[in-house]
Each structure stands twice: as structure tokens, then as C-alpha cells.
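Accompanying notes for the structure given below.
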Amino acid sequence: MEFDSTYPKVIMPLPHLPLNAITIGALADDWPAAITAAGDALVRSGATTSAYTDRMIEVIREFGAYIVIAPGLALAHARPGADVLTDGLCVVTLAEPVAFGHPHNDPVSVIVGLAVSGADDHLQFVAELANVFNDPAVIPALAGATTAEFVQGVFGQTEALA
Amino acid sequence: MKIVVMCGIGLGTSAILKVNAERALERLDIDASVQATDVAGVRAAAADAQVILTSSELVEAIGKTNADVIVINNYFDVDELVAKLEIALGS
């Protein structure tokens with residue numbers, strides 16, 4: 001398919017991960033606080049307004065912790081909407097892991113926040129995310145990151161980790 | 001053959017599952033289409049599907065279906081997808 005045609009040849013760096021979209025060692029007592037930290041990073045980087053943060057929390061309240069899609073990793077996101085100013089990505093690492101209520105993948109140490117302006121054009125974006133995270137070393141590496149530059153490097157230089 | 005991947009809102013998580021399910025099918029040399037859907041659309045999408053892939057959190061939301069429902073724990077683990085699809089599709 002179209003995804004496989006780009007995999008695993010040249011891995012393009014994911015767009016939209018400026019340093020101000022990365023938070024290292026956020027303090028969060030519970031999962032809504034953790035999602036809020038991701039929402040704040042998206043707002044800070046100019047991708048969304050705070051209304052999007054509330055919608056990301058609503059998704060979990062409605063459907064449960066299914067967004068914890070791998071051990072230690074939550075993919076915070078909501079549907080496209082007027083509160084998405086531009087496609088955006090953020091990464092938040094937590095000072096202490098937080099339980100989201102997922103039977104297999106709790107507790108969460110890393111939150112990747114995703115905002116897309118349209119449902120159709122996000123597939124290549126997500127395929128690149130999969131390219132990064134299909135390496136099982138990436139989540140522990142992100143969880144232990146001490147600088148935003150390191151996190152940026154993980155997303156831009158996946159070849160080095162592969 | 002048709003496989004449906006389902007998440008709460010039909011994008012993001014289900015798109016990741018779609019990408020990696022296609023990689024698993026390629027590894028198994030199985031020709032199948034993979035369609036992403038949300039909870040609201042799963043009944044229609046899965047009407048002619050053999051398999052539904054989703055999270056344990058969402059199994060109950062599927063309701064009655066003739067498709068095999070497979071729970072994926074780690075959406076980034078293509079090996080898990082290969083193993084579970086191989087059992088479900090009996091190749």
C-alpha cells in the first residue's frame with residue numbers, strides 16, 4: 001500500500017515537533033492532568049487552542065483508555081475541529097508514571113499528542129509516527145529523556161535507533 | 001478479504017493500527033483490505049469483514065458481529081499483529 005512504499009527506505013522526519021511542543025518531566029497526579037500537559041504543549045506550539053485539550057479528555061471519558069496503545073505510551077488526540085489551527089505533534093514525559101486504566105499498557109510515562117486539521121490527510125503523518133514507534137527501544141528512550149533536544153532527535157533521526 | 005480496525009473516533013489510533021496491520025499482512029503474504037472506522041461506524045464497516053482489530057477497551061462497543069474480534073495490546077508491535085492475524089486467518 002502507499003504506506004509500505006515509504007517503509008523502510010528513507011524515513012522522513014516528522015513535521016511539527018518544535019522544541020516548545022516538548023515537555024520533559026511534567027508533574028501530573030492523574031490522567032486528565034497528563035492529557036492537559038499534552039494539550040498545553042500543543043497550545044504553546046500554536047497547533048491548537050485549549051478547547052482541543054478538553055476534547056482530548058472527552059474522548060477518553062467516552063471511550064476509555066484505549067488511547068494507551070503501547071506499554072507506557074498514550075496517544076492523546078481528538079477529531080479535527082475549529083480548535084485545531086494547524087497539524088501538530090507534541091511529546092510530554094511524566095516525572096512519575098500515571099495510570100490511565102488500561103489493562104495491559106499502564107502506567108503511562110510518555111504522552112504523544114496529535115492534532116490533525118483533516119481526517120484524510122493525516123495518514124502519512126501517522127505512518128511516520130508508526131515508523132518511529134515500531135522500534136521498541138523508543139518508548140523507554142523517551143521516558144528517560146532529560147532534554148527536549150533528545151526527544152526531537154528521536155523523532156528526526158530514527159535511523160540511528162533502528 | 002476485509003479487515004476492519006476500530007478506535008473510538010476513527011483516526012489517529014486506528015490509523016496506526018491500519019498501517020501496522022498492513023505491514024503484518026504483507027509479512028504473512030495475505031491479500032486483504034484494511035479499513036479504519038470508529039465505534040459509530042463499526043457495524044456497517046464490519047458487515048462484510050472477516051476480522052475486527054481493536055483495543056480491549058472497545059470490544060463491548062462492537063456489539064453483535066459475525067467477524068472475529070481480535071484484541072491488540074501493543075499497536076506498534078507488528079509481531080503481535082502477525083501472530084494474532086495468522087491464528088485468526090488460519091494461514
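To be explicit about the labels: the chains of the C-alpha cells are called A, B, and onward in the order shown, and within each one the residues are counted from 1, while ligands get numbers from 1 in the order they are shown.
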All strand (DSSP E or B) positions in chain A, as a short mmCIF file (atom, residue, chain, number, x, y, z; two decimals) with N, CA and C atoms, in the first residue's frame:
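Written output follows (part35.cif):
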```cif
data_model
loop_
_atom_site.label_atom_id
_atom_site.label_comp_id
_atom_site.auth_asym_id
_atom_site.auth_seq_id
_atom_site.Cartn_x
_atom_site.Cartn_y
_atom_site.Cartn_z
N ILE A 22 7.53 20.19 23.33
CA ILE A 22 8.07 19.07 24.12
C ILE A 22 8.16 19.50 25.59
N THR A 23 7.61 18.68 26.47
CA THR A 23 7.71 18.93 27.91
C THR A 23 8.38 17.72 28.56
N ILE A 24 9.44 17.97 29.27
CA ILE A 24 10.17 16.89 29.96
C ILE A 24 9.81 16.89 31.44
N GLY A 25 9.44 15.72 31.95
CA GLY A 25 9.22 15.57 33.39
C GLY A 25 8.03 16.34 33.93
N ALA A 26 6.93 16.33 33.20
CA ALA A 26 5.73 17.03 33.68
C ALA A 26 5.20 16.37 34.95
N THR A 48 -3.02 24.23 18.43
CA THR A 48 -4.42 24.14 18.85
C THR A 48 -4.77 25.27 19.82
N ALA A 70 0.34 1.34 23.58
CA ALA A 70 1.54 0.51 23.75
C ALA A 70 1.97 0.67 25.20
N LEU A 73 2.73 4.22 26.77
CA LEU A 73 2.51 5.32 25.82
C LEU A 73 1.02 5.60 25.58
N ALA A 74 0.64 6.85 25.73
CA ALA A 74 -0.72 7.29 25.39
C ALA A 74 -0.65 8.18 24.15
N LEU A 75 -1.55 7.95 23.21
CA LEU A 75 -1.67 8.81 22.03
C LEU A 75 -2.90 9.69 22.23
N ALA A 76 -2.66 10.90 22.74
CA ALA A 76 -3.77 11.81 23.02
C ALA A 76 -4.19 12.49 21.72
N HIS A 77 -5.49 12.47 21.43
CA HIS A 77 -5.96 13.10 20.19
C HIS A 77 -7.48 13.22 20.24
N VAL A 84 -8.36 23.17 16.07
CA VAL A 84 -7.07 22.76 15.51
C VAL A 84 -6.65 23.83 14.50
N GLY A 88 -0.42 19.25 14.25
CA GLY A 88 0.59 19.40 15.28
C GLY A 88 0.87 18.11 16.03
N LEU A 89 2.05 18.08 16.59
CA LEU A 89 2.51 16.92 17.35
C LEU A 89 3.17 17.47 18.61
N CYS A 90 2.98 16.79 19.74
CA CYS A 90 3.71 17.17 20.94
C CYS A 90 4.12 15.92 21.68
N VAL A 91 5.13 16.05 22.53
CA VAL A 91 5.58 14.94 23.36
C VAL A 91 5.73 15.44 24.78
N VAL A 92 5.11 14.72 25.72
CA VAL A 92 5.23 15.04 27.14
C VAL A 92 5.74 13.79 27.86
N THR A 93 6.80 13.94 28.63
CA THR A 93 7.21 12.85 29.51
C THR A 93 6.82 13.22 30.92
N LEU A 94 6.42 12.21 31.70
CA LEU A 94 5.93 12.45 33.04
C LEU A 94 7.02 12.17 34.07
N ALA A 95 7.07 13.01 35.10
CA ALA A 95 8.04 12.80 36.18
C ALA A 95 7.75 11.47 36.87
N GLU A 96 6.46 11.18 37.07
CA GLU A 96 6.04 9.90 37.65
C GLU A 96 4.97 9.30 36.74
N PRO A 97 5.08 8.00 36.44
CA PRO A 97 4.05 7.39 35.57
C PRO A 97 2.66 7.49 36.19
N VAL A 98 1.66 7.56 35.31
CA VAL A 98 0.27 7.73 35.73
C VAL A 98 -0.57 6.58 35.15
N VAL A 108 1.43 4.96 32.30
CA VAL A 108 1.89 5.76 31.17
C VAL A 108 2.99 6.73 31.61
N SER A 109 4.09 6.71 30.85
CA SER A 109 5.19 7.65 31.11
C SER A 109 5.35 8.68 30.02
N VAL A 110 4.85 8.35 28.82
CA VAL A 110 5.04 9.23 27.66
C VAL A 110 3.69 9.49 27.01
N ILE A 111 3.40 10.74 26.74
CA ILE A 111 2.18 11.09 26.01
C ILE A 111 2.57 11.77 24.72
N VAL A 112 2.10 11.22 23.62
CA VAL A 112 2.23 11.89 22.33
C VAL A 112 0.89 12.50 22.02
N GLY A 113 0.88 13.80 21.80
CA GLY A 113 -0.35 14.49 21.46
C GLY A 113 -0.40 14.74 19.96
N LEU A 114 -1.56 14.50 19.38
CA LEU A 114 -1.69 14.62 17.93
C LEU A 114 -2.91 15.50 17.63
N ALA A 115 -2.70 16.47 16.77
CA ALA A 115 -3.82 17.30 16.32
C ALA A 115 -3.78 17.32 14.80
#
```
Distance filter 10 Å, only C-alpha atoms, chain A against chain B, as an NGL selection string:
:A and (1-4 or 7 or 59-60 or 62-71 or 73-80 or 101-105 or 114-116 or 118-120 or 122-136)
Go through B:Glu80, B:Gly63, B:Lys2, B:Gly90 one by one, measure the shortest atom-to-atom distance of each to Gln50 in chain B using only C-alpha atoms, and give the residue with the smallest value.
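Counting only C-alpha atoms, the residue closest to Gln50 in chain B is B:Lys2.
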Counting only C-alpha atoms, figure out which residue out of B:Lys64, B:Met1, B:Lys84, B:Met6 gets nearest to Asp31 in chain B.
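Nearest to Asp31 in chain B: B:Met1.
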So, counting only C-alpha atoms, which residue among B:Val71, B:Leu85, B:Thr65, B:Arg43 is closest to Leu25 in chain B?
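For Leu25 in chain B, the nearest of the candidates is B:Leu85.
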If you run DSSP on the backbone, which residues of range 11-81 of chain B are alpha helix (DSSP H), as an mmCIF file with all heavy atoms, in the first residue's frame?
```cif
data_model
loop_
_atom_site.group_PDB
_atom_site.id
_atom_site.type_symbol
_atom_site.label_atom_id
_atom_site.label_comp_id
_atom_site.auth_asym_id
_atom_site.auth_seq_id
_atom_site.Cartn_x
_atom_site.Cartn_y
_atom_site.Cartn_z
ATOM 1 N N THR B 13 -5.409 6.587 16.414
ATOM 2 C CA THR B 13 -5.069 5.235 16.859
ATOM 3 C C THR B 13 -5.426 4.189 15.811
ATOM 4 O O THR B 13 -4.646 3.283 15.549
ATOM 5 C CB THR B 13 -5.767 4.913 18.190
ATOM 6 O OG1 THR B 13 -7.072 5.451 18.164
ATOM 7 C CG2 THR B 13 -5.034 5.513 19.354
ATOM 8 N N SER B 14 -6.598 4.311 15.213
ATOM 9 C CA SER B 14 -6.973 3.309 14.216
ATOM 10 C C SER B 14 -6.089 3.424 12.982
ATOM 11 O O SER B 14 -5.804 2.421 12.311
ATOM 12 C CB SER B 14 -8.447 3.413 13.844
ATOM 13 O OG SER B 14 -8.755 4.701 13.365
ATOM 14 N N ALA B 15 -5.620 4.621 12.680
ATOM 15 C CA ALA B 15 -4.724 4.779 11.532
ATOM 16 C C ALA B 15 -3.388 4.097 11.791
ATOM 17 O O ALA B 15 -2.801 3.478 10.891
ATOM 18 C CB ALA B 15 -4.526 6.263 11.214
ATOM 19 N N ILE B 16 -2.900 4.188 13.019
ATOM 20 C CA ILE B 16 -1.663 3.485 13.360
ATOM 21 C C ILE B 16 -1.868 1.980 13.248
ATOM 22 O O ILE B 16 -1.040 1.251 12.704
ATOM 23 C CB ILE B 16 -1.200 3.882 14.782
ATOM 24 C CG1 ILE B 16 -0.594 5.287 14.730
ATOM 25 C CG2 ILE B 16 -0.193 2.873 15.336
ATOM 26 C CD1 ILE B 16 -0.245 5.863 16.070
ATOM 27 N N LEU B 17 -3.009 1.516 13.749
ATOM 28 C CA LEU B 17 -3.305 0.085 13.668
ATOM 29 C C LEU B 17 -3.437 -0.356 12.213
ATOM 30 O O LEU B 17 -2.984 -1.451 11.845
ATOM 31 C CB LEU B 17 -4.582 -0.209 14.455
ATOM 32 C CG LEU B 17 -4.869 -1.663 14.811
ATOM 33 C CD1 LEU B 17 -3.669 -2.342 15.456
ATOM 34 C CD2 LEU B 17 -6.071 -1.735 15.750
ATOM 35 N N LYS B 18 -4.023 0.487 11.382
ATOM 36 C CA LYS B 18 -4.157 0.163 9.953
ATOM 37 C C LYS B 18 -2.784 0.026 9.297
ATOM 38 O O LYS B 18 -2.512 -0.944 8.590
ATOM 39 C CB LYS B 18 -4.978 1.250 9.254
ATOM 40 C CG LYS B 18 -5.069 1.122 7.730
ATOM 41 C CD LYS B 18 -5.953 2.257 7.167
ATOM 42 C CE LYS B 18 -5.677 2.537 5.698
ATOM 43 N NZ LYS B 18 -6.156 1.489 4.791
ATOM 44 N N VAL B 19 -1.918 0.986 9.556
ATOM 45 C CA VAL B 19 -0.573 0.948 8.973
ATOM 46 C C VAL B 19 0.146 -0.344 9.367
ATOM 47 O O VAL B 19 0.728 -1.040 8.528
ATOM 48 C CB VAL B 19 0.245 2.177 9.442
ATOM 49 C CG1 VAL B 19 1.716 2.003 9.114
ATOM 50 C CG2 VAL B 19 -0.293 3.444 8.800
ATOM 51 N N ASN B 20 0.087 -0.669 10.661
ATOM 52 C CA ASN B 20 0.839 -1.840 11.114
ATOM 53 C C ASN B 20 0.145 -3.152 10.758
ATOM 54 O O ASN B 20 0.808 -4.168 10.546
ATOM 55 C CB ASN B 20 1.129 -1.734 12.610
ATOM 56 C CG ASN B 20 2.312 -0.811 12.872
ATOM 57 O OD1 ASN B 20 3.165 -0.633 11.997
ATOM 58 N ND2 ASN B 20 2.375 -0.223 14.056
ATOM 59 N N ALA B 21 -1.182 -3.155 10.657
ATOM 60 C CA ALA B 21 -1.881 -4.354 10.190
ATOM 61 C C ALA B 21 -1.500 -4.643 8.738
ATOM 62 O O ALA B 21 -1.288 -5.797 8.348
ATOM 63 C CB ALA B 21 -3.394 -4.184 10.322
ATOM 64 N N GLU B 22 -1.368 -3.585 7.933
ATOM 65 C CA GLU B 22 -0.965 -3.785 6.534
ATOM 66 C C GLU B 22 0.456 -4.338 6.467
ATOM 67 O O GLU B 22 0.769 -5.190 5.629
ATOM 68 C CB GLU B 22 -1.095 -2.469 5.761
ATOM 69 C CG GLU B 22 -2.562 -2.136 5.456
ATOM 70 C CD GLU B 22 -2.775 -0.738 4.892
ATOM 71 O OE1 GLU B 22 -1.844 0.086 4.924
ATOM 72 O OE2 GLU B 22 -3.906 -0.477 4.414
ATOM 73 N N ARG B 23 1.313 -3.875 7.366
ATOM 74 C CA ARG B 23 2.678 -4.417 7.402
ATOM 75 C C ARG B 23 2.662 -5.893 7.804
ATOM 76 O O ARG B 23 3.403 -6.706 7.267
ATOM 77 C CB ARG B 23 3.533 -3.598 8.370
ATOM 78 C CG ARG B 23 3.831 -2.226 7.802
ATOM 79 C CD ARG B 23 4.518 -1.301 8.784
ATOM 80 N NE ARG B 23 4.703 0.009 8.134
ATOM 81 C CZ ARG B 23 5.062 1.120 8.752
ATOM 82 N NH1 ARG B 23 5.304 1.103 10.059
ATOM 83 N NH2 ARG B 23 5.208 2.233 8.085
ATOM 84 N N ALA B 24 1.793 -6.242 8.774
ATOM 85 C CA ALA B 24 1.698 -7.633 9.217
ATOM 86 C C ALA B 24 1.163 -8.519 8.085
ATOM 87 O O ALA B 24 1.667 -9.621 7.859
ATOM 88 C CB ALA B 24 0.795 -7.732 10.443
ATOM 89 N N LEU B 25 0.148 -8.014 7.368
ATOM 90 C CA LEU B 25 -0.431 -8.807 6.267
ATOM 91 C C LEU B 25 0.588 -9.019 5.161
ATOM 92 O O LEU B 25 0.642 -10.092 4.549
ATOM 93 C CB LEU B 25 -1.672 -8.092 5.720
ATOM 94 C CG LEU B 25 -2.883 -8.104 6.649
ATOM 95 C CD1 LEU B 25 -3.908 -7.071 6.200
ATOM 96 C CD2 LEU B 25 -3.510 -9.491 6.702
ATOM 97 N N GLU B 26 1.390 -7.993 4.920
ATOM 98 C CA GLU B 26 2.422 -8.139 3.896
ATOM 99 C C GLU B 26 3.422 -9.218 4.303
ATOM 100 O O GLU B 26 3.839 -10.041 3.499
ATOM 101 C CB GLU B 26 3.126 -6.795 3.693
ATOM 102 C CG GLU B 26 4.111 -6.796 2.539
ATOM 103 C CD GLU B 26 4.565 -5.375 2.205
ATOM 104 O OE1 GLU B 26 3.765 -4.595 1.661
ATOM 105 O OE2 GLU B 26 5.727 -5.068 2.511
ATOM 106 N N ARG B 27 3.751 -9.215 5.599
ATOM 107 C CA ARG B 27 4.695 -10.221 6.079
ATOM 108 C C ARG B 27 4.110 -11.631 5.966
ATOM 109 O O ARG B 27 4.813 -12.595 5.708
ATOM 110 C CB ARG B 27 5.060 -9.918 7.540
ATOM 111 C CG ARG B 27 6.475 -10.332 7.878
ATOM 112 C CD ARG B 27 6.747 -10.221 9.364
ATOM 113 N NE ARG B 27 7.048 -8.873 9.790
ATOM 114 C CZ ARG B 27 7.289 -8.546 11.065
ATOM 115 N NH1 ARG B 27 7.247 -9.472 12.008
ATOM 116 N NH2 ARG B 27 7.557 -7.313 11.396
ATOM 117 N N LEU B 28 2.789 -11.728 6.172
ATOM 118 C CA LEU B 28 2.118 -13.027 6.075
ATOM 119 C C LEU B 28 1.777 -13.388 4.632
ATOM 120 O O LEU B 28 1.272 -14.476 4.370
ATOM 121 C CB LEU B 28 0.823 -12.994 6.904
ATOM 122 C CG LEU B 28 0.988 -12.987 8.425
ATOM 123 C CD1 LEU B 28 -0.331 -12.604 9.099
ATOM 124 C CD2 LEU B 28 1.460 -14.350 8.911
ATOM 125 N N VAL B 42 -18.728 0.999 13.115
ATOM 126 C CA VAL B 42 -18.158 -0.349 13.024
ATOM 127 C C VAL B 42 -19.165 -1.373 12.516
ATOM 128 O O VAL B 42 -18.810 -2.285 11.779
ATOM 129 C CB VAL B 42 -17.546 -0.788 14.378
ATOM 130 C CG1 VAL B 42 -18.626 -1.049 15.414
ATOM 131 C CG2 VAL B 42 -16.676 -2.025 14.170
ATOM 132 N N ARG B 43 -20.415 -1.198 12.872
ATOM 133 C CA ARG B 43 -21.400 -2.199 12.453
ATOM 134 C C ARG B 43 -21.494 -2.259 10.921
ATOM 135 O O ARG B 43 -21.483 -3.328 10.324
ATOM 136 C CB ARG B 43 -22.760 -1.886 13.071
ATOM 137 C CG ARG B 43 -23.773 -2.979 12.828
ATOM 138 C CD ARG B 43 -24.932 -2.839 13.777
ATOM 139 N NE ARG B 43 -24.526 -2.998 15.158
ATOM 140 C CZ ARG B 43 -25.229 -3.672 16.070
ATOM 141 N NH1 ARG B 43 -26.357 -4.234 15.733
ATOM 142 N NH2 ARG B 43 -24.821 -3.771 17.307
ATOM 143 N N ALA B 44 -21.582 -1.079 10.305
ATOM 144 C CA ALA B 44 -21.660 -1.033 8.845
ATOM 145 C C ALA B 44 -20.351 -1.489 8.218
ATOM 146 O O ALA B 44 -20.329 -2.272 7.264
ATOM 147 C CB ALA B 44 -22.003 0.386 8.390
ATOM 148 N N ALA B 45 -19.236 -1.014 8.776
ATOM 149 C CA ALA B 45 -17.941 -1.326 8.169
ATOM 150 C C ALA B 45 -17.626 -2.817 8.257
ATOM 151 O O ALA B 45 -16.988 -3.383 7.371
ATOM 152 C CB ALA B 45 -16.844 -0.513 8.856
ATOM 153 N N VAL B 59 -14.030 -3.516 22.950
ATOM 154 C CA VAL B 59 -14.666 -4.744 22.470
ATOM 155 C C VAL B 59 -16.182 -4.708 22.696
ATOM 156 O O VAL B 59 -16.960 -5.046 21.809
ATOM 157 C CB VAL B 59 -14.041 -5.976 23.167
ATOM 158 C CG1 VAL B 59 -14.869 -7.224 22.889
ATOM 159 C CG2 VAL B 59 -12.614 -6.183 22.684
ATOM 160 N N GLU B 60 -16.586 -4.279 23.881
ATOM 161 C CA GLU B 60 -18.015 -4.276 24.191
ATOM 162 C C GLU B 60 -18.807 -3.359 23.265
ATOM 163 O O GLU B 60 -19.966 -3.624 22.958
ATOM 164 C CB GLU B 60 -18.246 -3.839 25.637
ATOM 165 C CG GLU B 60 -18.054 -4.963 26.634
ATOM 166 C CD GLU B 60 -18.413 -4.525 28.042
ATOM 167 O OE1 GLU B 60 -19.314 -3.680 28.190
ATOM 168 O OE2 GLU B 60 -17.776 -5.030 28.971
ATOM 169 N N ALA B 61 -18.158 -2.288 22.808
ATOM 170 C CA ALA B 61 -18.852 -1.314 21.965
ATOM 171 C C ALA B 61 -19.195 -1.874 20.588
ATOM 172 O O ALA B 61 -20.027 -1.315 19.881
ATOM 173 C CB ALA B 61 -18.004 -0.048 21.824
ATOM 174 N N ILE B 62 -18.531 -2.968 20.201
ATOM 175 C CA ILE B 62 -18.771 -3.521 18.862
ATOM 176 C C ILE B 62 -20.168 -4.135 18.773
ATOM 177 O O ILE B 62 -20.849 -4.015 17.766
ATOM 178 C CB ILE B 62 -17.704 -4.588 18.517
ATOM 179 C CG1 ILE B 62 -16.328 -3.941 18.445
ATOM 180 C CG2 ILE B 62 -18.047 -5.284 17.201
ATOM 181 C CD1 ILE B 62 -15.186 -4.927 18.325
ATOM 182 N N VAL B 78 4.393 -5.199 15.510
ATOM 183 C CA VAL B 78 3.957 -5.897 14.294
ATOM 184 C C VAL B 78 4.009 -7.415 14.510
ATOM 185 O O VAL B 78 3.202 -8.155 13.951
ATOM 186 C CB VAL B 78 4.805 -5.463 13.073
ATOM 187 C CG1 VAL B 78 4.383 -6.213 11.814
ATOM 188 C CG2 VAL B 78 4.655 -3.951 12.839
ATOM 189 N N ASP B 79 4.921 -7.875 15.373
ATOM 190 C CA ASP B 79 4.988 -9.316 15.674
ATOM 191 C C ASP B 79 3.688 -9.802 16.325
ATOM 192 O O ASP B 79 3.203 -10.896 16.024
ATOM 193 C CB ASP B 79 6.166 -9.619 16.614
ATOM 194 C CG ASP B 79 7.512 -9.427 15.932
ATOM 195 O OD1 ASP B 79 7.545 -9.439 14.686
ATOM 196 O OD2 ASP B 79 8.515 -9.268 16.646
ATOM 197 N N GLU B 80 3.136 -8.993 17.242
ATOM 198 C CA GLU B 80 1.859 -9.362 17.868
ATOM 199 C C GLU B 80 0.760 -9.438 16.814
ATOM 200 O O GLU B 80 -0.046 -10.378 16.798
ATOM 201 C CB GLU B 80 1.476 -8.339 18.956
ATOM 202 C CG GLU B 80 0.131 -8.658 19.610
ATOM 203 C CD GLU B 80 -0.333 -7.607 20.634
ATOM 204 O OE1 GLU B 80 0.479 -6.745 21.038
ATOM 205 O OE2 GLU B 80 -1.517 -7.665 21.013
ATOM 206 N N LEU B 81 0.734 -8.470 15.914
ATOM 207 C CA LEU B 81 -0.274 -8.465 14.853
ATOM 208 C C LEU B 81 -0.120 -9.671 13.935
ATOM 209 O O LEU B 81 -1.106 -10.310 13.566
ATOM 210 C CB LEU B 81 -0.173 -7.164 14.048
ATOM 211 C CG LEU B 81 -0.841 -5.948 14.699
ATOM 212 C CD1 LEU B 81 -0.235 -4.656 14.178
ATOM 213 C CD2 LEU B 81 -2.341 -5.976 14.432
#
```
Computed interatomic separation between CA of Asp68 in chain B and CA of Ala83 in chain B (Å):
14.6 Å
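Note that the spacing between CA of Asp48 in chain B and CA of Ala32 in chain B amounts to 12.3 Å.
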